[in-house]
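First the structure, in the form of structure tokens, and then the observations on it.
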Amino acid sequence: MTLPPYRDPAAPVPDRVRDLLGRMTLAEKVGQVNQRMYGWDAYERAGDGHRLTDALRAEVAAFDGMGALYGLQRADAWSGVGFADGLDARDGARSAAAVQRYVMDHTRLGIPVLLVEEMPHGHQALDGTVLPVNLSVGATWDPDLYADAVAGAAAELRARGAHIALVSALDLVRDPRWGRSEECFSEDPYLAARMTEALVEGARRAGVAVVLKHFAGQGATVGGRNSAATELGPRELHEVHLAAARAGVAAGAAGVMAAYNEFDGLPCVANRYLLTDLLRTEWGFEGVVMADGTAVDRLVRLTGDPVSAGALALDAGCDLSLWDASFTRLGEAVERGLVSESALDAAVARVLTLKFRLGLFEQPLPPARSETVELPDPAELGERIARASVTLLAHEGGVLPLSRAVRRIAVLGPNADSVAQQIGDYTAPQRPGGGITVLEGIRAAVASGTEVVHDRGCALVGDDVSGVPAAVALAAGSDVAVLVLGGSSARSPDTVFDANGAAVTGTGTPSGMTCGEGVDLADLALPPGQRALLTAVSATGTPVVVVLVQGRPHALTELDAPAAAVLSAWYPGPRGGRAVAEVLFGDAEPRGRLPVSVPRSAAQLPVYYNGKDHRYRGYADQSAGPLHAFGHGLSYTSVVYGAPRLSQARVGTRAPRLTCRVTVRNTGSRPAEETVQLYVRRLSGGSSWPRVRELRGFVRLTIAPGEEAEAVLEVDRDTLASVGRDLRLAVEPGLVELETGPASDRTTGVRLEITDSESNGT
């Protein structure tokens, strides 16, 4: 029997797409660009297993097919899915196969469905590995480690039958009041771009396509308010907020998700400049653009009706909806002349192309175990990320690393013994006993003769100090007090949710959350109860070590005097408590470096390091600079940087290539895990006002005590390029300074002249 061309695996993908598209009705086309159903509504518990629901059958019948199904295996407080009724790894693969068989067997053309899952920091499914959040990843400054962890997590997702991972990667922490700060890699575009590349590469190893969230500028909303307006101009957008997207597209991302925010007065999902002119025409992107949840329906406020809303998004360049009703009416939009059928065909073609390239027509069902690629254990890699991300912010008096000969340790604070408060937002329910808290990590690390005592001391939020006296009593009788403070993104059944799954706030923080989607803060200081606990414990005279478990950088002015040491552990994941303990006791060096600047107060925002260099002198009542600068991180040893040395003092604009070398010497008694950072600072020339400095490279060194090592940083067009008048990247003539150092506020520079010639100078 002769196969139709679209069924022929030997035929070129464009030919297969063209043939299949030519066979489709208008209704079938509309079905392929819709992802309306919540995946957890597609199955229900049946005895010891699960069965497909009438809701799924009705959805498939409505368009004689289904483009994509979101979150078949998602489990969390919003979906209401837990261990009693949800899908574990075995049932997940079976249900994915059942969905795929039903769609293919009960539709005219038998087009497989894309199964789309959340993988913000591990697959958000029952028994899926939870990795540390993106802000932790950024603190490692280690893209290779992250790529390995992503590969392992993506392999879990693929083994359950899913094809596409949705991962936050494109947003930047420009205002840490934003509740989704934990989903960002950094405040810096270069560091975020390197991690985005690693994300795409790691998922590719496991055969999983990645849709990058969110395009573009969502981290720049006014006041750190979720889904709010931005005041971005085109230059700020291009210089800061597009770098990670450019890198992800170049690395082979399958898609991007249009952000909720607006740019230049239009929501991103309806912004033709972003989705078509820039992304497709200028960058040559051939993947899919997905709407964020219910974002197309929000356009009704602009258009007046859902049919026009769907047409507006489609015409702008959106290919695939998410939970929207408006996109289901694209057939009406075509018939009314609101959008052309050719525009619909282009979107359908991109969805079909992705299905063909992922091999869904040849292997629609989950891979057999023998067909899966053996990849590293993501849980072990997640613990390595947690260990590498612990950042020593302040250290006085030589309290750390803790001695195992210490007689008694008091481990206090609301985050000391809670796995739920270590794992961040977008996580599935965890099995009891499956994690390691900071308290448990310390207890496992101490010598047999050391007593570890514990008390929460205060609630996570609020000003109730009734538990402080008991904690103070424990601290007063101890040799050292470890205070585990910070925040929490842990959701609960009591959390109130918006239609898109964000927590609803505005009149108070729900269920004790201080971070996460929808949980924005006006004040970045730690809650009053935590500050009172810290003040009272420090007054005992017992040395205090503060460990911050947090999803955003809190303002830490009040921690300067009373704490002998301050570490940020971010949200380190379920087993993060062991990683923290290893750093506290010196079994691991504190090698984390800040991916964000730490403010003194919310009143001084913004404090990101790479603002425009207008030589502002500062406020009259407090410093305008951060408490801890971007790139900062102390260690248990001491290092000395030499001056940077360039292989050339002059280069041309066309193809600059040189090296920057700097010698780093370990002058202490412990091994140094050093992240050497390279910044570019423009002194003259260029087509726009320069930024203070911009990260353009980094390299990690391990240096034995008393030894030295040389960091070699390659400098090329990408290092020196800036956004020109035409908003395109170019190397512009002028004078720049290449700076190296351990942090953005501790650098030494050497000057480089960029000439208008076509070749390198000497």
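For the structure tokens, the naming scheme is as follows: chains receive sequential letters (A, B, ...) according to their order of presentation, residues are indexed from 1 within each chain, and ligands are indexed from 1 in presentation order.
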Which residues are near Gln32 of chain A? Cut-off 6 Å, only C-alpha atoms, ignore same chain within fewer than 3 positions. Put them as an NGL selection string. :A and (29 or 66-67)
Grab the residues selected above and save them as an mmCIF file, in the first residue's frame with all heavy atoms.
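In the end it all went to out.cif:
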```cif
data_model
loop_
_atom_site.group_PDB
_atom_site.id
_atom_site.type_symbol
_atom_site.label_atom_id
_atom_site.label_comp_id
_atom_site.auth_asym_id
_atom_site.auth_seq_id
_atom_site.Cartn_x
_atom_site.Cartn_y
_atom_site.Cartn_z
ATOM 1 N N LYS A 29 -7.928 22.549 11.038
ATOM 2 C CA LYS A 29 -6.824 23.501 11.201
ATOM 3 C C LYS A 29 -6.939 24.236 12.531
ATOM 4 O O LYS A 29 -5.949 24.399 13.260
ATOM 5 C CB LYS A 29 -6.817 24.495 10.048
ATOM 6 C CG LYS A 29 -6.478 23.908 8.685
ATOM 7 C CD LYS A 29 -6.608 24.970 7.593
ATOM 8 C CE LYS A 29 -6.335 24.392 6.216
ATOM 9 N NZ LYS A 29 -6.525 25.403 5.142
ATOM 10 N N MET A 66 -6.654 17.326 17.970
ATOM 11 C CA MET A 66 -6.192 18.156 19.082
ATOM 12 C C MET A 66 -4.760 18.575 18.807
ATOM 13 O O MET A 66 -3.899 17.731 18.535
ATOM 14 C CB MET A 66 -6.282 17.376 20.400
ATOM 15 C CG MET A 66 -5.781 18.139 21.622
ATOM 16 S SD MET A 66 -5.920 17.184 23.159
ATOM 17 C CE MET A 66 -7.678 17.341 23.498
ATOM 18 N N GLY A 67 -4.515 19.871 18.874
ATOM 19 C CA GLY A 67 -3.163 20.343 18.626
ATOM 20 C C GLY A 67 -2.216 19.969 19.742
ATOM 21 O O GLY A 67 -1.170 19.355 19.513
#
```
Using DSSP assignments from the backbone, pull out every residue in segment 433-676 of chain A that falls under strand (DSSP E or B) and give it to me as a PyMOL selection string. chain A and resi 451-455+480-486+497+503+525+544-549+555+565-568+598+612+628+634+639-641+645-646+650-652+658-666+672-676
Surrounding residues of Ala470 of chain A excluding itself and chain neighbours under 4 positions, 9 Å, only C-alpha atoms, as a list in words: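 Here the answer would be Asp455, Gly457, Ser466, Leu474 and Ala475 of chain A.
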List as a ChimeraX atom specification the protein and nucleic acid residues near Leu412 of chain A, meaning an atom at most 8 Å away when only C-alpha atoms are counted, but skip any in the same chain fewer than 5 places from it. /A:454-457,471,481-484
File of the preceding selection, N, CA and C atoms, as a tab-separated table (two decimals), in the first residue's frame:
```tsv
chain	number	residue	atom	x	y	z
A	454	HIS	N	16.55	22.47	68.50
A	454	HIS	CA	15.78	23.16	67.46
A	454	HIS	C	14.53	23.81	68.02
A	455	ASP	N	14.21	24.99	67.45
A	455	ASP	CA	12.93	25.64	67.70
A	455	ASP	C	12.65	26.58	66.54
A	456	ARG	N	11.38	26.67	66.12
A	456	ARG	CA	11.03	27.59	65.03
A	456	ARG	C	11.25	29.04	65.43
A	457	GLY	N	10.94	29.38	66.65
A	457	GLY	CA	11.17	30.73	67.13
A	457	GLY	C	10.12	31.73	66.74
A	471	ALA	N	13.30	30.09	71.79
A	471	ALA	CA	14.45	30.02	70.89
A	471	ALA	C	15.66	30.70	71.50
A	481	ALA	N	24.53	29.54	67.00
A	481	ALA	CA	23.12	29.49	66.59
A	481	ALA	C	23.06	29.66	65.08
A	482	VAL	N	22.41	28.71	64.41
A	482	VAL	CA	22.16	28.80	62.98
A	482	VAL	C	20.69	29.20	62.80
A	483	LEU	N	20.47	30.41	62.30
A	483	LEU	CA	19.11	30.92	62.09
A	483	LEU	C	18.76	30.75	60.62
A	484	VAL	N	17.74	29.94	60.35
A	484	VAL	CA	17.32	29.69	58.98
A	484	VAL	C	16.07	30.52	58.72
```
Identify, on the basis of only C-alpha atoms, every residue whose closest approach to Thr53 of chain A does not exceed 7 Å; exclude the query and any residue fewer than 5 positions from it along the same chain; express the result as an MDAnalysis selection string. chainID A and resid 42:44
For the residues selected in the previous step, produce a file with N, CA, C and O atoms as a PDB file, in the first residue's frame.
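selection_5.pdb was written with the following content:
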```
ATOM      1  N   ALA A  42      -8.454  15.281  31.607  1.00  0.00           N
ATOM      2  CA  ALA A  42      -8.516  14.275  30.544  1.00  0.00           C
ATOM      3  C   ALA A  42      -8.582  12.855  31.081  1.00  0.00           C
ATOM      4  O   ALA A  42      -8.814  11.909  30.317  1.00  0.00           O
ATOM      5  N   TYR A  43      -8.372  12.676  32.395  1.00  0.00           N
ATOM      6  CA  TYR A  43      -8.401  11.335  32.964  1.00  0.00           C
ATOM      7  C   TYR A  43      -9.100  11.380  34.318  1.00  0.00           C
ATOM      8  O   TYR A  43      -9.287  12.435  34.919  1.00  0.00           O
ATOM      9  N   GLU A  44      -9.482  10.214  34.786  1.00  0.00           N
ATOM     10  CA  GLU A  44     -10.081  10.094  36.111  1.00  0.00           C
ATOM     11  C   GLU A  44      -9.706   8.744  36.702  1.00  0.00           C
ATOM     12  O   GLU A  44      -9.373   7.798  35.970  1.00  0.00           O
TER      13      GLU A  44
END
```
Skipping near chain neighbours, those fewer than 4 positions away, what residues fall within 8 Å of Val640 of chain A using only C-alpha atoms, listed as a list in words?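 Contacts, with the query itself left out: Val664, Arg665, Asn666 and Thr667 of chain A.
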Since we have the selection now, will you write its residues out, keeping all heavy atoms, as a short mmCIF file (atom, residue, chain, number, x, y, z; two decimals), in the first residue's frame?
```cif
data_model
loop_
_atom_site.label_atom_id
_atom_site.label_comp_id
_atom_site.auth_asym_id
_atom_site.auth_seq_id
_atom_site.Cartn_x
_atom_site.Cartn_y
_atom_site.Cartn_z
N VAL A 664 45.31 34.57 39.22
CA VAL A 664 44.64 34.58 40.52
C VAL A 664 45.43 33.68 41.47
O VAL A 664 45.71 32.52 41.15
CB VAL A 664 43.19 34.08 40.41
CG1 VAL A 664 42.49 34.18 41.76
CG2 VAL A 664 42.42 34.87 39.36
N ARG A 665 45.80 34.23 42.60
CA ARG A 665 46.60 33.48 43.58
C ARG A 665 45.79 33.23 44.84
O ARG A 665 45.14 34.12 45.38
CB ARG A 665 47.87 34.26 43.92
CG ARG A 665 48.80 33.49 44.87
CD ARG A 665 50.14 34.17 45.02
NE ARG A 665 51.05 33.38 45.85
CZ ARG A 665 51.76 32.33 45.42
NH1 ARG A 665 51.68 31.98 44.15
NH2 ARG A 665 52.55 31.67 46.25
N ASN A 666 45.83 31.99 45.31
CA ASN A 666 45.18 31.60 46.56
C ASN A 666 46.16 31.84 47.70
O ASN A 666 47.15 31.12 47.86
CB ASN A 666 44.76 30.13 46.50
CG ASN A 666 44.02 29.67 47.75
OD1 ASN A 666 43.90 30.41 48.72
ND2 ASN A 666 43.52 28.44 47.72
N THR A 667 45.90 32.86 48.50
CA THR A 667 46.81 33.21 49.60
C THR A 667 46.35 32.64 50.94
O THR A 667 46.94 32.95 51.98
CB THR A 667 46.92 34.75 49.71
OG1 THR A 667 45.62 35.30 49.91
CG2 THR A 667 47.52 35.33 48.43
#
```
What's around segment 388-390 of chain A at 6 Å? Count only C-alpha atoms, leave out sequence neighbours fewer than 3 positions away in its own chain, and write the answer as a VMD selection string. chain A and resid 136 139 to 140 385 568 to 569 590 to 592
What is the distance, in Å and to one decimal place, between atom CA of Ala473 of chain A and atom CA of Ala555 of chain A? 27.4 Å
Per residue of segment 566-677 of chain A within 6 Å of segment 696-700 of chain A, which atom pair is closest and at what distance in Å (one decimal), using only C-alpha atoms, listed by chain and increasing number, as JSON lines?
```
{"residue": "A:Glu674", "atom": "CA", "partner": "A:Arg700", "partner_atom": "CA", "distance": 5.7}
{"residue": "A:Thr675", "atom": "CA", "partner": "A:Arg700", "partner_atom": "CA", "distance": 4.4}
{"residue": "A:Val676", "atom": "CA", "partner": "A:Val699", "partner_atom": "CA", "distance": 5.3}
{"residue": "A:Gln677", "atom": "CA", "partner": "A:Phe698", "partner_atom": "CA", "distance": 4.4}
```
Could you please write out, as a list in words, every residue of segment 411-460 of chain A that DSSP assigns to helix (DSSP H, G or I)?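 Here are the helix (DSSP H, G or I) residues of segment 411-460 of chain A: Ala420, Gln421, Gln422, Val438, Leu439, Glu440, Gly441, Ile442, Arg443, Ala444 and Ala445 of chain A.
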The selected residues should be written to file as a PDB file, in the first residue's frame (atoms: N, CA and C atoms).
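selection-v3.pdb, written as the output of this step:
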```pdb
ATOM      1  N   ALA A 420       8.949  21.832  52.304  1.00  0.00           N
ATOM      2  CA  ALA A 420       8.043  22.599  51.442  1.00  0.00           C
ATOM      3  C   ALA A 420       8.564  24.006  51.190  1.00  0.00           C
ATOM      4  N   GLN A 421       9.277  24.558  52.161  1.00  0.00           N
ATOM      5  CA  GLN A 421       9.778  25.924  52.022  1.00  0.00           C
ATOM      6  C   GLN A 421      11.158  25.974  51.363  1.00  0.00           C
ATOM      7  N   GLN A 422      11.671  24.823  50.952  1.00  0.00           N
ATOM      8  CA  GLN A 422      12.943  24.756  50.225  1.00  0.00           C
ATOM      9  C   GLN A 422      12.762  24.592  48.723  1.00  0.00           C
ATOM     10  N   VAL A 438      17.365  21.679  56.394  1.00  0.00           N
ATOM     11  CA  VAL A 438      18.621  22.190  56.945  1.00  0.00           C
ATOM     12  C   VAL A 438      18.882  21.575  58.322  1.00  0.00           C
ATOM     13  N   LEU A 439      17.846  21.473  59.133  1.00  0.00           N
ATOM     14  CA  LEU A 439      18.005  20.843  60.448  1.00  0.00           C
ATOM     15  C   LEU A 439      18.502  19.409  60.307  1.00  0.00           C
ATOM     16  N   GLU A 440      17.868  18.657  59.413  1.00  0.00           N
ATOM     17  CA  GLU A 440      18.278  17.262  59.226  1.00  0.00           C
ATOM     18  C   GLU A 440      19.685  17.164  58.663  1.00  0.00           C
ATOM     19  N   GLY A 441      20.040  18.085  57.764  1.00  0.00           N
ATOM     20  CA  GLY A 441      21.383  18.076  57.216  1.00  0.00           C
ATOM     21  C   GLY A 441      22.436  18.328  58.271  1.00  0.00           C
ATOM     22  N   ILE A 442      22.161  19.263  59.177  1.00  0.00           N
ATOM     23  CA  ILE A 442      23.110  19.561  60.258  1.00  0.00           C
ATOM     24  C   ILE A 442      23.209  18.389  61.225  1.00  0.00           C
ATOM     25  N   ARG A 443      22.086  17.801  61.569  1.00  0.00           N
ATOM     26  CA  ARG A 443      22.121  16.656  62.496  1.00  0.00           C
ATOM     27  C   ARG A 443      22.923  15.497  61.919  1.00  0.00           C
ATOM     28  N   ALA A 444      22.814  15.293  60.616  1.00  0.00           N
ATOM     29  CA  ALA A 444      23.559  14.201  59.995  1.00  0.00           C
ATOM     30  C   ALA A 444      25.044  14.516  59.882  1.00  0.00           C
ATOM     31  N   ALA A 445      25.393  15.814  59.899  1.00  0.00           N
ATOM     32  CA  ALA A 445      26.784  16.210  59.669  1.00  0.00           C
ATOM     33  C   ALA A 445      27.615  16.288  60.937  1.00  0.00           C
TER      34      ALA A 445
END
```
For Leu646 of chain A, which residue among A:Pro599, A:Gly749, A:Gly435, A:Gly398 is the nearest when counting only C-alpha atoms?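 Looking at the shortest contact to Leu646 of chain A, the residue is A:Gly749.
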Given only C-alpha atoms as the basis, pick out the residue of A:His106, A:Arg593, A:Arg654, A:Arg204 nearest to Asp718 of chain A.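 Looking at the shortest contact to Asp718 of chain A, the residue is A:Arg654.
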Could you check which of A:Tyr608, A:Phe585, A:Tyr619, A:Trp141 is closest to Leu400 of chain A, using only C-alpha atoms?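 The shortest atom-to-atom distance to Leu400 of chain A comes from A:Phe585.
The nearest approach to Ala379 of chain A among the residues A:Gly501, A:Gly82, A:Gly576, A:Pro595, with only C-alpha atoms taken into account, belongs to A:Gly576.
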So how far away is atom CA of Gly477 of chain A from atom CA of Ala410 of chain A, in Å?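 Interatomic distance, atom CA of Ala410 of chain A to atom CA of Gly477 of chain A: 8.4 Å.
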Could you jot down the atom CA of His241 of chain A to atom CA of Leu683 of chain A separation for me, Å, one decimal place?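 According to the coordinates, atom CA of His241 of chain A and atom CA of Leu683 of chain A are separated by 23.1 Å.
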Counting only C-alpha atoms, the option among A:Arg336, A:Arg280, A:Val103, A:Asn500 closest to Asp292 of chain A: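 Under the stated criterion, the closest residue is A:Asn500.
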